[in-house]
$ cat protein32.tsv   # TSV, C-alpha atoms and all ligand atoms
chain	number	residue	atom	x	y	z
X	14	MET	CA	-3.87	8.46	-4.17
X	15	ALA	CA	-3.70	6.00	-1.24
X	16	PHE	CA	-6.85	4.76	0.51
X	17	ASN	CA	-7.10	3.33	3.99
X	18	LEU	CA	-8.66	-0.10	3.50
X	19	LYS	CA	-7.35	-1.57	6.77
X	20	GLY	CA	-9.84	-3.97	8.33
X	21	LYS	CA	-12.08	-4.07	5.23
X	22	ASN	CA	-13.53	-7.35	3.92
X	23	LEU	CA	-13.63	-8.26	0.24
X	24	LEU	CA	-16.93	-10.13	-0.07
X	25	THR	CA	-17.98	-8.63	-3.41
X	26	LEU	CA	-16.71	-5.59	-5.33
X	27	LYS	CA	-20.06	-3.89	-4.55
X	28	ASP	CA	-18.44	-2.75	-1.30
X	29	PHE	CA	-15.58	-0.92	-3.07
X	30	THR	CA	-15.71	2.41	-4.88
X	31	LYS	CA	-14.27	2.94	-8.33
X	32	TYR	CA	-11.38	4.80	-6.71
X	33	GLU	CA	-10.68	2.05	-4.19
X	34	ILE	CA	-10.62	-0.49	-7.03
X	35	GLU	CA	-8.22	1.71	-8.99
X	36	TYR	CA	-6.06	2.07	-5.89
X	37	LEU	CA	-5.89	-1.74	-5.45
X	38	LEU	CA	-4.89	-2.10	-9.12
X	39	SER	CA	-2.13	0.46	-8.78
X	40	LEU	CA	-0.86	-1.16	-5.57
X	41	ALA	CA	-0.87	-4.53	-7.40
X	42	GLN	CA	1.17	-2.99	-10.22
X	43	ASP	CA	3.75	-1.70	-7.72
X	44	LEU	CA	3.95	-5.06	-5.96
X	45	LYS	CA	4.30	-6.83	-9.31
X	46	GLN	CA	7.18	-4.58	-10.28
X	47	LYS	CA	8.83	-5.15	-6.89
X	48	LYS	CA	8.57	-8.92	-7.36
X	49	LYS	CA	10.01	-8.72	-10.91
X	50	MET	CA	12.97	-6.80	-9.46
X	51	GLY	CA	13.55	-9.71	-7.05
X	52	ILE	CA	12.88	-7.69	-3.91
X	53	GLN	CA	11.70	-9.81	-0.96
X	54	GLY	CA	8.85	-8.00	0.81
X	55	ASN	CA	7.99	-7.68	4.49
X	56	LEU	CA	4.54	-6.09	4.36
X	57	MET	CA	2.94	-9.19	5.92
X	58	GLU	CA	5.70	-9.98	8.40
X	59	GLY	CA	4.21	-11.58	11.51
X	60	LYS	CA	0.80	-12.06	9.82
X	61	ASN	CA	-0.92	-15.44	9.70
X	62	ILE	CA	-3.71	-16.10	7.23
X	63	ALA	CA	-6.19	-18.98	7.02
X	64	LEU	CA	-7.20	-20.36	3.63
X	65	ILE	CA	-10.52	-22.23	3.85
X	66	PHE	CA	-11.41	-24.28	0.77
X	67	GLU	CA	-14.70	-26.20	0.43
X	68	LYS	CA	-14.17	-26.37	-3.37
X	69	PRO	CA	-10.92	-27.21	-5.19
X	70	SER	CA	-8.57	-24.55	-6.56
X	71	THR	CA	-5.29	-24.17	-8.38
X	72	ARG	CA	-4.89	-20.41	-8.97
X	73	THR	CA	-6.63	-18.96	-5.93
X	74	ARG	CA	-4.95	-21.24	-3.43
X	75	CYS	CA	-1.49	-20.78	-4.96
X	76	ALA	CA	-1.95	-17.02	-5.42
X	77	PHE	CA	-2.86	-16.50	-1.75
X	78	THR	CA	-0.03	-18.74	-0.56
X	79	VAL	CA	2.72	-17.27	-2.74
X	80	ALA	CA	1.55	-13.68	-2.19
X	81	CYS	CA	1.59	-14.16	1.56
X	82	ILE	CA	5.04	-15.78	1.63
X	83	ASP	CA	6.46	-13.11	-0.74
X	84	GLU	CA	5.60	-10.50	1.89
X	85	GLY	CA	6.90	-12.49	4.86
X	86	GLY	CA	3.60	-13.92	6.16
X	87	HIS	CA	2.42	-17.47	6.92
X	88	ALA	CA	-0.50	-19.15	5.11
X	89	GLU	CA	-2.38	-22.17	6.52
X	90	TYR	CA	-4.47	-24.28	4.11
X	91	LEU	CA	-7.70	-25.63	5.61
X	92	GLY	CA	-9.38	-28.04	3.20
X	93	LYS	CA	-12.87	-29.40	3.62
X	94	GLN	CA	-11.61	-32.59	5.26
X	95	ASP	CA	-9.39	-30.65	7.65
X	96	ILE	CA	-11.83	-28.58	9.69
X	97	GLN	CA	-15.32	-28.98	11.13
X	98	LEU	CA	-16.77	-25.91	9.40
X	99	GLY	CA	-20.52	-26.25	8.95
X	100	HIS	CA	-20.53	-29.95	9.92
X	101	LYS	CA	-19.55	-30.46	13.56
X	102	GLU	CA	-19.02	-26.76	14.22
X	103	SER	CA	-21.05	-23.73	13.21
X	104	ILE	CA	-19.68	-21.06	10.88
X	105	GLU	CA	-20.07	-18.54	13.73
X	106	ASP	CA	-17.91	-20.55	16.15
X	107	THR	CA	-15.30	-21.39	13.51
X	108	ALA	CA	-15.12	-17.69	12.62
X	109	ARG	CA	-14.58	-16.70	16.25
X	110	VAL	CA	-11.82	-19.29	16.71
X	111	LEU	CA	-10.00	-18.41	13.48
X	112	GLY	CA	-10.37	-14.69	14.23
X	113	ARG	CA	-8.48	-15.20	17.50
X	114	LEU	CA	-5.61	-17.01	15.76
X	115	PHE	CA	-5.32	-15.46	12.33
X	116	ASP	CA	-4.97	-11.94	10.94
X	117	GLY	CA	-7.08	-12.63	7.83
X	118	ILE	CA	-9.24	-15.39	6.35
X	119	GLN	CA	-9.79	-16.47	2.75
X	120	PHE	CA	-12.96	-18.47	2.06
X	121	ARG	CA	-13.84	-20.46	-1.06
X	122	GLY	CA	-17.09	-22.36	-0.92
X	123	PHE	CA	-20.67	-22.63	-1.96
X	124	LYS	CA	-22.81	-20.12	-0.11
X	125	GLN	CA	-22.23	-16.36	-0.16
X	126	GLU	CA	-23.97	-16.16	3.22
X	127	HIS	CA	-21.20	-18.31	4.70
X	128	VAL	CA	-18.42	-15.93	3.70
X	129	GLU	CA	-20.58	-13.08	5.00
X	130	LYS	CA	-21.03	-14.86	8.33
X	131	LEU	CA	-17.29	-15.47	8.61
X	132	ALA	CA	-16.76	-11.74	8.11
X	133	ALA	CA	-19.44	-10.83	10.64
X	134	PHE	CA	-18.09	-13.12	13.38
X	135	SER	CA	-14.31	-13.32	12.94
X	136	GLY	CA	-13.34	-9.70	13.56
X	137	VAL	CA	-10.54	-9.92	10.95
X	138	PRO	CA	-10.57	-9.16	7.20
X	139	VAL	CA	-12.28	-11.91	5.18
X	140	TRP	CA	-11.60	-12.32	1.45
X	141	ASN	CA	-14.02	-14.15	-0.84
X	142	GLY	CA	-12.01	-16.59	-2.94
X	143	LEU	CA	-15.20	-17.68	-4.84
X	144	THR	CA	-18.73	-18.59	-3.87
X	145	ASP	CA	-21.64	-19.71	-6.04
X	146	ASP	CA	-22.53	-16.02	-6.51
X	147	TYR	CA	-19.30	-14.01	-6.72
X	148	HIS	CA	-15.57	-14.22	-7.44
X	149	PRO	CA	-14.22	-10.72	-6.68
X	150	THR	CA	-10.48	-11.44	-6.48
X	151	GLN	CA	-10.62	-12.81	-10.04
X	152	ILE	CA	-12.09	-9.54	-11.29
X	153	LEU	CA	-9.21	-7.50	-9.88
X	154	ALA	CA	-6.77	-9.70	-11.81
X	155	ASP	CA	-8.87	-9.32	-14.96
X	156	LEU	CA	-9.03	-5.54	-14.66
X	157	LEU	CA	-5.27	-5.33	-14.11
X	158	THR	CA	-4.73	-7.47	-17.22
X	159	ILE	CA	-7.01	-5.25	-19.34
X	160	GLN	CA	-5.28	-2.13	-18.03
X	161	GLU	CA	-1.90	-3.60	-18.96
X	162	LYS	CA	-3.10	-4.51	-22.47
X	163	PHE	CA	-5.05	-1.36	-23.33
X	164	GLY	CA	-3.56	1.28	-21.01
X	165	GLN	CA	-7.05	2.15	-19.69
X	166	LEU	CA	-10.37	0.67	-18.62
X	167	GLN	CA	-12.79	3.54	-19.18
X	168	GLY	CA	-14.82	3.21	-22.38
X	169	LYS	CA	-13.54	-0.22	-23.42
X	170	LYS	CA	-16.20	-2.62	-24.71
X	171	PHE	CA	-16.23	-5.78	-22.59
X	172	VAL	CA	-18.35	-8.74	-23.72
X	173	TYR	CA	-19.08	-11.70	-21.46
X	174	ILE	CA	-20.55	-14.68	-23.30
X	175	GLY	CA	-21.88	-17.97	-21.92
X	176	ASP	CA	-23.46	-18.76	-18.55
X	177	GLY	CA	-24.72	-15.28	-17.75
X	178	ARG	CA	-25.80	-15.88	-14.17
X	179	ASN	CA	-22.75	-17.55	-12.64
X	180	ASN	CA	-20.24	-16.11	-10.18
X	181	MET	CA	-17.96	-14.78	-12.96
X	182	ALA	CA	-20.73	-13.09	-14.97
X	183	ASN	CA	-22.15	-11.47	-11.80
X	184	SER	CA	-18.78	-10.24	-10.61
X	185	LEU	CA	-17.64	-8.98	-14.01
X	186	MET	CA	-20.85	-7.00	-14.39
X	187	ILE	CA	-20.17	-5.36	-11.02
X	188	GLY	CA	-16.48	-4.71	-11.73
X	189	CYS	CA	-16.93	-3.38	-15.28
X	190	SER	CA	-19.83	-1.09	-14.40
X	191	LYS	CA	-17.90	0.31	-11.42
X	192	VAL	CA	-14.78	1.18	-13.41
X	193	GLY	CA	-16.52	2.59	-16.49
X	194	MET	CA	-16.26	-0.24	-19.02
X	195	ASP	CA	-19.21	-0.85	-21.35
X	196	PHE	CA	-20.47	-4.28	-20.34
X	197	VAL	CA	-22.34	-6.59	-22.72
X	198	LEU	CA	-23.73	-9.92	-21.57
X	199	ILE	CA	-24.52	-12.44	-24.28
X	200	ALA	CA	-26.43	-15.48	-23.05
X	201	PRO	CA	-29.68	-17.35	-23.62
X	202	LYS	CA	-32.50	-15.58	-21.75
X	203	ASP	CA	-32.76	-18.44	-19.20
X	204	LEU	CA	-29.24	-17.60	-18.04
X	205	TRP	CA	-29.52	-13.83	-17.73
X	206	THR	CA	-28.50	-11.81	-14.69
X	207	ASP	CA	-30.78	-11.61	-11.69
X	208	PRO	CA	-32.89	-8.40	-12.13
X	209	ASP	CA	-31.88	-6.97	-8.72
X	210	LEU	CA	-28.18	-7.29	-9.50
X	211	LEU	CA	-28.76	-5.79	-12.95
X	212	GLU	CA	-30.47	-2.78	-11.39
X	213	THR	CA	-27.60	-2.33	-8.91
X	214	CYS	CA	-25.04	-2.50	-11.72
X	215	ASN	CA	-27.04	-0.11	-13.91
X	216	ASN	CA	-26.68	2.42	-11.09
X	217	TYR	CA	-22.90	1.84	-10.98
X	218	ALA	CA	-22.78	2.27	-14.76
X	219	LYS	CA	-24.65	5.57	-14.54
X	220	GLN	CA	-22.12	6.83	-11.99
X	221	SER	CA	-19.09	5.73	-13.99
X	222	GLY	CA	-20.45	6.88	-17.36
X	223	SER	CA	-20.71	3.40	-18.89
X	224	THR	CA	-23.47	1.15	-20.22
X	225	ILE	CA	-24.82	-2.37	-19.71
X	226	LEU	CA	-26.53	-4.41	-22.42
X	227	MET	CA	-27.97	-7.95	-22.20
X	228	SER	CA	-28.69	-9.84	-25.38
X	229	ASP	CA	-29.18	-13.39	-26.62
X	230	ALA	CA	-27.81	-12.45	-30.06
X	231	VAL	CA	-24.12	-13.20	-30.66
X	232	GLU	CA	-23.91	-10.39	-33.26
X	233	VAL	CA	-23.56	-7.82	-30.48
X	234	VAL	CA	-19.90	-8.89	-30.06
X	235	GLU	CA	-19.16	-6.41	-32.85
X	236	ASN	CA	-16.44	-3.94	-31.89
X	237	ALA	CA	-15.60	-5.78	-28.62
X	238	ASP	CA	-12.22	-4.97	-27.09
X	239	VAL	CA	-12.47	-7.96	-24.78
X	240	ILE	CA	-14.43	-11.20	-25.06
X	241	TYR	CA	-14.64	-13.16	-21.84
X	242	THR	CA	-15.98	-16.65	-21.28
X	243	ASP	CA	-16.13	-19.20	-18.46
X	244	VAL	CA	-17.14	-22.82	-18.02
X	245	TRP	CA	-20.73	-23.75	-18.80
X	246	CYS	CA	-21.07	-25.74	-15.55
X	247	SER	CA	-19.54	-24.22	-12.46
X	248	MET	CA	-18.24	-26.26	-9.55
X	249	GLY	CA	-21.18	-28.03	-7.94
X	250	GLU	CA	-23.31	-27.98	-11.13
X	251	GLU	CA	-21.75	-30.98	-12.86
X	252	ASP	CA	-25.16	-32.72	-13.10
X	253	LYS	CA	-26.41	-29.93	-15.40
X	254	ALA	CA	-23.77	-30.62	-18.08
X	255	LYS	CA	-26.06	-32.19	-20.71
X	256	ASP	CA	-28.64	-29.38	-20.69
X	257	ARG	CA	-26.06	-26.62	-20.53
X	258	ILE	CA	-24.11	-27.93	-23.52
X	259	GLN	CA	-27.32	-28.04	-25.51
X	260	LEU	CA	-28.32	-24.53	-24.45
X	261	LEU	CA	-24.92	-22.88	-24.77
X	262	LYS	CA	-23.51	-24.50	-27.90
X	263	PRO	CA	-24.44	-21.42	-30.04
X	264	TYR	CA	-22.47	-19.27	-27.60
X	265	GLN	CA	-19.12	-21.01	-28.01
X	266	VAL	CA	-16.11	-18.72	-28.52
X	267	ASN	CA	-14.65	-19.96	-31.81
X	268	ALA	CA	-12.96	-18.42	-34.85
X	269	SER	CA	-16.25	-17.33	-36.43
X	270	LEU	CA	-17.40	-15.58	-33.24
X	271	MET	CA	-14.04	-13.80	-32.95
X	272	ALA	CA	-14.40	-12.66	-36.58
X	273	MET	CA	-17.80	-11.14	-35.74
X	274	THR	CA	-16.03	-8.47	-33.66
X	275	LYS	CA	-14.77	-7.06	-37.02
X	276	LYS	CA	-11.60	-6.09	-35.16
X	277	THR	CA	-8.22	-7.81	-35.07
X	278	SER	CA	-7.24	-6.30	-31.71
X	279	THR	CA	-9.94	-8.06	-29.66
X	280	VAL	CA	-8.53	-10.22	-26.86
X	281	LEU	CA	-10.10	-13.33	-25.37
X	282	MET	CA	-10.01	-13.73	-21.62
X	283	HIS	CA	-10.85	-16.73	-19.42
X	284	CYS	CA	-10.58	-17.12	-15.64
X	285	LEU	CA	-9.62	-20.82	-16.01
X	286	PRO	CA	-9.95	-23.73	-15.69
X	287	ALA	CA	-11.25	-24.02	-19.28
X	288	VAL	CA	-13.19	-26.85	-20.90
X	289	LYS	CA	-11.83	-26.63	-24.44
X	290	GLY	CA	-14.35	-27.77	-27.01
X	291	ASN	CA	-17.22	-26.37	-24.90
X	292	GLU	CA	-17.07	-22.67	-24.12
X	293	VAL	CA	-13.94	-22.09	-26.24
X	294	THR	CA	-12.21	-23.92	-29.05
X	295	GLU	CA	-8.60	-24.96	-28.60
X	296	ASP	CA	-7.31	-22.84	-31.51
X	297	VAL	CA	-8.85	-19.62	-30.22
X	298	PHE	CA	-7.70	-20.40	-26.68
X	299	GLU	CA	-4.11	-20.91	-27.86
X	300	THR	CA	-4.14	-17.72	-29.95
X	301	HIS	CA	-4.96	-15.79	-26.77
X	302	ALA	CA	-2.95	-17.91	-24.31
X	303	ASP	CA	-0.60	-15.02	-23.40
X	304	THR	CA	-3.49	-12.88	-22.18
X	305	ILE	CA	-5.16	-15.78	-20.40
X	306	PHE	CA	-2.01	-16.74	-18.50
X	307	ASP	CA	-1.30	-13.07	-17.70
X	308	GLN	CA	-4.67	-13.14	-15.97
X	309	ALA	CA	-3.62	-16.22	-14.00
X	310	GLU	CA	-0.35	-14.57	-12.94
X	311	ASN	CA	-2.14	-11.36	-12.03
X	312	ARG	CA	-4.28	-13.28	-9.52
X	313	MET	CA	-1.20	-13.35	-7.31
X	314	HIS	CA	-0.27	-9.67	-7.62
X	315	THR	CA	-3.83	-8.43	-7.07
X	316	ILE	CA	-4.51	-10.81	-4.15
X	317	LYS	CA	-1.26	-9.57	-2.62
X	318	ALA	CA	-2.52	-6.00	-2.95
X	319	VAL	CA	-5.84	-6.92	-1.30
X	320	MET	CA	-4.10	-8.59	1.65
X	321	VAL	CA	-1.51	-5.83	2.10
X	322	ALA	CA	-4.17	-3.09	1.92
X	323	THR	CA	-6.72	-4.71	4.22
X	324	LEU	CA	-4.25	-6.05	6.82
X	325	GLY	CA	-2.66	-2.58	7.00
X	401	LIG	N1	-9.74	-18.84	-11.68
X	401	LIG	C1	-9.72	-19.51	-10.53
X	401	LIG	O1	-10.30	-19.09	-9.51
X	401	LIG	O2	-9.02	-20.66	-10.55
X	401	LIG	P1	-8.97	-21.77	-9.42
X	401	LIG	O3	-10.33	-22.38	-9.35
X	401	LIG	O4	-7.91	-22.73	-9.86
X	401	LIG	O5	-8.62	-21.10	-8.12
X	402	LIG	N1	-17.65	-20.33	-12.69
X	402	LIG	C1	-16.51	-21.14	-12.32
X	402	LIG	C2	-15.34	-20.27	-12.00
X	402	LIG	C3	-14.08	-21.00	-11.67
X	402	LIG	C4	-12.94	-20.10	-11.32
X	402	LIG	C5	-16.87	-22.02	-11.15
X	402	LIG	O1	-17.48	-21.54	-10.19
X	402	LIG	O2	-16.55	-23.22	-11.19
$ encode --input "protein32.tsv" --output "structure tokens"
Amino acid sequence: MAFNLKGKNLLTLKDFTKYEIEYLLSLAQDLKQKKKMGIQGNLMEGKNIALIFEKPSTRTRCAFTVACIDEGGHAEYLGKQDIQLGHKESIEDTARVLGRLFDGIQFRGFKQEHVEKLAAFSGVPVWNGLTDDYHPTQILADLLTIQEKFGQLQGKKFVYIGDGRNNMANSLMIGCSKVGMDFVLIAPKDLWTDPDLLETCNNYAKQSGSTILMSDAVEVVENADVIYTDVWCSMGEEDKAKDRIQLLKPYQVNASLMAMTKKTSTVLMHCLPAVKGNEVTEDVFETHADTIFDQAENRMHTIKAVMVATLG
């Protein structure tokens, strides 16, 4: 079933229903197949998109750029040295200028309120390419990857382990609870999800018939279909490295943690970039490299679906 998402922002997946998420995944699958068949698209012909980056990026930047060009559009990279955003010019004014010139805007930066302001003032679709709080386009790629591996999302046991209150943990809790995956967060109590977000996600889980569990005990990985980890210090938190390593060492994804699932079919996922030797050991990473790089490729197909659907 097709949904009309024209004009919609993607600021977090909270704003999308289960069915809209499933629609975006199925559109991404179609666009992926079209690309594999070598068909040049035209769904973004005549569209110009702005890519604002306050933080560095490999996957997100390249995914937006390639996806846009594949469908006949033009992408303009605006790095933090390139524009006045938030320094000599307010977010509101920058949004109003870019909204007059561009058909859509991607924002990667620090504050969630900045991407929200861009959306409120630009008048064009705004896509969150990562803030301190959320990373919704990554989740779409992750869900597509799980669907490809397991044939379904509903009822799968998804375990996130590590820094439980970062943008990835927050967004995965939202995404999994929306689509009906059983979500388990394993982290030291100091790094657990904000209670308000947990309550919101518990409501999503009730609606989708899934569950959410938070624990500081690694044993609850048992029976996991997916184990997911991310860096222990996100961009902008580099000064916390010493404390985080100390705190999170027992939560490293290594061969003994993988064995605790008591399943041989469990896959490891990682949004990348990875710090091997911290959150994951090199051997486990390499065993699951195919899945991890499928995720990276799927960033492009899912971002393409988001742009095509919201630009209309
Ligand atoms: N996963 C991800 O967002 O990667 P980049 O930081 O390279 O964009
Ligand atoms: N939590 C990480 C995700 C990188 C894609 C960060 O914000 O740096």
$ residues_near_ligand --input "protein32.tsv" --ligand "ligand LIG 401 (chain X)" --cutoff "12 Å" --atoms "all atoms listed in the file" --output "ChimeraX atom specification"
/X:64,66-78,119-122,141-145,147-155,180-181,242-244,247-248,282-287,305-313,316
$ atom_distance --input "protein32.tsv" --atom1 "atom CA of Lys47 of chain X" --atom2 "atom CA of Pro138 of chain X"
24.3 Å
$ axis_aligned_box --input "protein32.tsv" --around "ligand LIG 402 (chain X)" --padding-each-side "4 Å" --output "AutoDock Vina command-line options"
--center_x -15.3 --center_y -21.7 --center_z -11.4 --size_x 12.7 --size_y 11.1 --size_z 10.5
$ atom_distance --input "protein32.tsv" --atom1 "atom CA of Asp207 of chain X" --atom2 "atom CA of Ile174 of chain X"
15.8 Å
$ closest_residue --input "protein32.tsv" --among "X:Asn216, X:Ser223, X:Thr300, X:Ser269" --to "Lys27 of chain X" --atoms "only C-alpha atoms"
X:Asn216
$ residues_near_point --input "protein32.tsv" --point "(-23.1, -23.4, -14.2)" --cutoff "12 Å" --atoms "only C-alpha atoms" --output "MDAnalysis selection string"
chainID X and resid 145:146 175:182 203:204 243:258 260:261 292
$ atom_distance --input "protein32.tsv" --atom1 "atom C4 of ligand LIG 402 (chain X)" --atom2 "atom CA of Lys60 of chain X"
26.5 Å
$ residues_around --input "protein32.tsv" --residues "Ala237 of chain X" --least-positions-apart "5" --cutoff "8 Å" --atoms "all atoms listed in the file" --output "VMD selection string"
chain X and resid 169 to 172 274 276 279
$ residues_near_point --input "protein32.tsv" --point "(1.7, -1.7, -5.1)" --cutoff "10 Å" --atoms "only C-alpha atoms" --output "CSV table (one decimal) with C-alpha atoms, in the coordinates of the input"
chain,number,residue,atom,x,y,z
X,36,TYR,CA,-6.1,2.1,-5.9
X,37,LEU,CA,-5.9,-1.7,-5.4
X,38,LEU,CA,-4.9,-2.1,-9.1
X,39,SER,CA,-2.1,0.5,-8.8
X,40,LEU,CA,-0.9,-1.2,-5.6
X,41,ALA,CA,-0.9,-4.5,-7.4
X,42,GLN,CA,1.2,-3.0,-10.2
X,43,ASP,CA,3.8,-1.7,-7.7
X,44,LEU,CA,4.0,-5.1,-6.0
X,45,LYS,CA,4.3,-6.8,-9.3
X,46,GLN,CA,7.2,-4.6,-10.3
X,47,LYS,CA,8.8,-5.2,-6.9
X,314,HIS,CA,-0.3,-9.7,-7.6
X,315,THR,CA,-3.8,-8.4,-7.1
X,317,LYS,CA,-1.3,-9.6,-2.6
X,318,ALA,CA,-2.5,-6.0,-3.0
X,319,VAL,CA,-5.8,-6.9,-1.3
X,321,VAL,CA,-1.5,-5.8,2.1
X,322,ALA,CA,-4.2,-3.1,1.9
$ closest_residue --input "protein32.tsv" --among "X:Lys49, X:Lys124, X:Lys219, X:Lys262" --to "ligand LIG 402 (chain X)" --atoms "all atoms listed in the file"
X:Lys124
$ build_atoms --input "protein32.tsv" --residues "segment 89-97 of chain X" --atoms "all heavy atoms" --output "PDB file, in the frame of the given file"
ATOM      1  N   GLU X  89      -1.984 -20.826   6.066  1.00  0.00           N
ATOM      2  CA  GLU X  89      -2.380 -22.170   6.520  1.00  0.00           C
ATOM      3  C   GLU X  89      -3.569 -22.636   5.693  1.00  0.00           C
ATOM      4  O   GLU X  89      -4.640 -22.019   5.733  1.00  0.00           O
ATOM      5  CB  GLU X  89      -2.745 -22.090   8.006  1.00  0.00           C
ATOM      6  CG  GLU X  89      -2.952 -23.424   8.678  1.00  0.00           C
ATOM      7  CD  GLU X  89      -1.669 -24.235   8.820  1.00  0.00           C
ATOM      8  OE1 GLU X  89      -0.573 -23.640   8.862  1.00  0.00           O
ATOM      9  OE2 GLU X  89      -1.787 -25.477   8.867  1.00  0.00           O
ATOM     10  N   TYR X  90      -3.393 -23.740   4.949  1.00  0.00           N
ATOM     11  CA  TYR X  90      -4.470 -24.280   4.110  1.00  0.00           C
ATOM     12  C   TYR X  90      -5.414 -25.145   4.944  1.00  0.00           C
ATOM     13  O   TYR X  90      -4.968 -26.059   5.652  1.00  0.00           O
ATOM     14  CB  TYR X  90      -3.866 -25.107   2.968  1.00  0.00           C
ATOM     15  CG  TYR X  90      -4.913 -25.751   2.082  1.00  0.00           C
ATOM     16  CD1 TYR X  90      -5.559 -25.012   1.100  1.00  0.00           C
ATOM     17  CD2 TYR X  90      -5.257 -27.090   2.239  1.00  0.00           C
ATOM     18  CE1 TYR X  90      -6.528 -25.591   0.293  1.00  0.00           C
ATOM     19  CE2 TYR X  90      -6.228 -27.684   1.433  1.00  0.00           C
ATOM     20  CZ  TYR X  90      -6.853 -26.924   0.456  1.00  0.00           C
ATOM     21  OH  TYR X  90      -7.815 -27.503  -0.338  1.00  0.00           O
ATOM     22  N   LEU X  91      -6.695 -24.860   4.875  1.00  0.00           N
ATOM     23  CA  LEU X  91      -7.700 -25.630   5.610  1.00  0.00           C
ATOM     24  C   LEU X  91      -8.715 -26.180   4.613  1.00  0.00           C
ATOM     25  O   LEU X  91      -9.653 -25.478   4.211  1.00  0.00           O
ATOM     26  CB  LEU X  91      -8.395 -24.740   6.657  1.00  0.00           C
ATOM     27  CG  LEU X  91      -7.466 -24.060   7.682  1.00  0.00           C
ATOM     28  CD1 LEU X  91      -8.216 -22.993   8.478  1.00  0.00           C
ATOM     29  CD2 LEU X  91      -6.854 -25.091   8.620  1.00  0.00           C
ATOM     30  N   GLY X  92      -8.490 -27.406   4.175  1.00  0.00           N
ATOM     31  CA  GLY X  92      -9.380 -28.040   3.200  1.00  0.00           C
ATOM     32  C   GLY X  92     -10.636 -28.568   3.869  1.00  0.00           C
ATOM     33  O   GLY X  92     -10.738 -28.572   5.106  1.00  0.00           O
ATOM     34  N   LYS X  93     -11.569 -29.041   3.034  1.00  0.00           N
ATOM     35  CA  LYS X  93     -12.870 -29.400   3.620  1.00  0.00           C
ATOM     36  C   LYS X  93     -12.800 -30.640   4.522  1.00  0.00           C
ATOM     37  O   LYS X  93     -13.666 -30.829   5.365  1.00  0.00           O
ATOM     38  CB  LYS X  93     -13.947 -29.486   2.561  1.00  0.00           C
ATOM     39  CG  LYS X  93     -13.916 -30.657   1.615  1.00  0.00           C
ATOM     40  CD  LYS X  93     -15.251 -30.677   0.868  1.00  0.00           C
ATOM     41  CE  LYS X  93     -15.464 -31.944   0.102  1.00  0.00           C
ATOM     42  NZ  LYS X  93     -14.818 -32.054  -1.181  1.00  0.00           N
ATOM     43  N   GLN X  94     -11.764 -31.444   4.358  1.00  0.00           N
ATOM     44  CA  GLN X  94     -11.610 -32.590   5.260  1.00  0.00           C
ATOM     45  C   GLN X  94     -10.853 -32.211   6.537  1.00  0.00           C
ATOM     46  O   GLN X  94     -10.733 -33.014   7.465  1.00  0.00           O
ATOM     47  CB  GLN X  94     -10.815 -33.737   4.585  1.00  0.00           C
ATOM     48  CG  GLN X  94     -11.332 -34.180   3.248  1.00  0.00           C
ATOM     49  CD  GLN X  94     -12.748 -34.743   3.308  1.00  0.00           C
ATOM     50  OE1 GLN X  94     -13.214 -35.168   4.361  1.00  0.00           O
ATOM     51  NE2 GLN X  94     -13.445 -34.718   2.183  1.00  0.00           N
ATOM     52  N   ASP X  95     -10.295 -31.025   6.567  1.00  0.00           N
ATOM     53  CA  ASP X  95      -9.390 -30.650   7.650  1.00  0.00           C
ATOM     54  C   ASP X  95     -10.074 -30.003   8.844  1.00  0.00           C
ATOM     55  O   ASP X  95      -9.574 -30.060   9.956  1.00  0.00           O
ATOM     56  CB  ASP X  95      -8.312 -29.677   7.141  1.00  0.00           C
ATOM     57  CG  ASP X  95      -7.491 -30.268   6.013  1.00  0.00           C
ATOM     58  OD1 ASP X  95      -7.264 -31.492   6.051  1.00  0.00           O
ATOM     59  OD2 ASP X  95      -7.092 -29.523   5.104  1.00  0.00           O
ATOM     60  N   ILE X  96     -11.170 -29.298   8.583  1.00  0.00           N
ATOM     61  CA  ILE X  96     -11.830 -28.580   9.690  1.00  0.00           C
ATOM     62  C   ILE X  96     -13.295 -28.956   9.769  1.00  0.00           C
ATOM     63  O   ILE X  96     -13.840 -29.562   8.854  1.00  0.00           O
ATOM     64  CB  ILE X  96     -11.671 -27.036   9.559  1.00  0.00           C
ATOM     65  CG1 ILE X  96     -12.152 -26.521   8.204  1.00  0.00           C
ATOM     66  CG2 ILE X  96     -10.233 -26.613   9.816  1.00  0.00           C
ATOM     67  CD1 ILE X  96     -12.223 -25.021   8.116  1.00  0.00           C
ATOM     68  N   GLN X  97     -13.937 -28.551  10.847  1.00  0.00           N
ATOM     69  CA  GLN X  97     -15.320 -28.980  11.130  1.00  0.00           C
ATOM     70  C   GLN X  97     -16.363 -28.070  10.515  1.00  0.00           C
ATOM     71  O   GLN X  97     -17.562 -28.343  10.632  1.00  0.00           O
ATOM     72  CB  GLN X  97     -15.536 -28.985  12.654  1.00  0.00           C
ATOM     73  CG  GLN X  97     -14.469 -29.691  13.445  1.00  0.00           C
ATOM     74  CD  GLN X  97     -14.620 -31.202  13.401  1.00  0.00           C
ATOM     75  OE1 GLN X  97     -15.360 -31.731  12.563  1.00  0.00           O
ATOM     76  NE2 GLN X  97     -13.917 -31.896  14.270  1.00  0.00           N
TER      77      GLN X  97
END
